[in-house]
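Structure first, then comments.
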Amino acid sequence: MPDSLPVHLNRTDIHSLDVPKEFDATGSFDVQLVNHGEALHVHLHLSDSLSSVASLDATNHHVRAETDRLARVTVDGDGPVRGKLKVVTGYGAETRYIDIYIPEGGTENEPVIVDEELSKPQPKPATDSEPSLEDLSAGPILAAGGFTALIAGLITLVLTESVLLTVAAVFAVAIVLGLLSVTLRSS
């Protein structure tokens, strides 16, 4: 089976199209646009049934004078599928249809290329999680603790009316905050 579908352009007349009536594809293939004359535009279109298992790399192609151009048809589904490839030149001046058949298992002949890098273990990506208590600096914690000690001291003073008890409560909170700060800095 050929791996390219020849389409001859401008062979007999301007915008003329010479195409085969049918083409059997065993996998992805190239449409070989062979221009025998002046430069022209070619439009390619897959029928609905064919586009369910295949796709074109591009639908509009400019083919320079006396040159060839390849248009890739990628078969990424499984057959059996029959459909038509529409080939148009001269902005609709000439149109031809090619019957395309993709048999069952149409992609089996496609080689699978595996990059050798995939066989090596990949490093685990760093997670962007919320910062833990260890990641925080001691400054905000001490400020919050100082505010807590002040509030605790004021509440103790109001409830007990004892200055000595108030000083002891503030001192106790300050010691706990100091120990917490030392713990955070050492870890």
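Following the order of the structure tokens, first chain is A, next is B, and so on, with residues numbered from 1 inside each chain and ligands from 1 in the order they appear.
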Running DSSP on the backbone, which parts of stretch 40-113 of chain A land in alpha helix (DSSP H), as a list of chain:residue names?
-> A:Asp48, A:Ser49, A:Leu50, A:Ser51
Since we have the selection now, will you write its residues out, keeping N, CA, C and O atoms, as a short mmCIF file (atom, residue, chain, number, x, y, z; two decimals), in the first residue's frame?
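Below you can see out34.cif, which holds the result:
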data_model
loop_
_atom_site.label_atom_id
_atom_site.label_comp_id
_atom_site.auth_asym_id
_atom_site.auth_seq_id
_atom_site.Cartn_x
_atom_site.Cartn_y
_atom_site.Cartn_z
N ASP A 48 -17.59 13.81 6.91
CA ASP A 48 -17.89 13.61 8.34
C ASP A 48 -17.45 12.23 8.82
O ASP A 48 -16.86 12.09 9.89
N SER A 49 -17.74 11.19 8.04
CA SER A 49 -17.38 9.84 8.48
C SER A 49 -15.87 9.69 8.58
O SER A 49 -15.35 9.07 9.51
N LEU A 50 -15.14 10.27 7.65
CA LEU A 50 -13.69 10.18 7.66
C LEU A 50 -13.09 11.04 8.78
O LEU A 50 -12.13 10.63 9.43
N SER A 51 -13.67 12.19 9.02
CA SER A 51 -13.12 13.07 10.07
C SER A 51 -13.36 12.53 11.47
O SER A 51 -12.79 13.04 12.43
#
Skipping near chain neighbours, those fewer than 2 positions away, what residues fall within 8 Å of A:Asn10 using only C-alpha atoms, listed as a list in words?
->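 Close residues of A:Asn10: His8, Thr12, Asp13, Ile14, His15, Ser16, Leu17, Asn35, His36, Gly37 and Glu38 of chain A.
Between A:Lys84 and the candidates A:Val53, A:Val114, A:Ile102, A:Leu46, the tightest atom-to-atom separation, counting only C-alpha atoms, involves A:Leu46.
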Among the residues A:Ser162, A:Leu9, A:His45, A:Thr59, the one that comes closest to A:Gly83 [using only C-alpha atoms] |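 Using only C-alpha atoms, A:Gly83 sits closest to A:His45.
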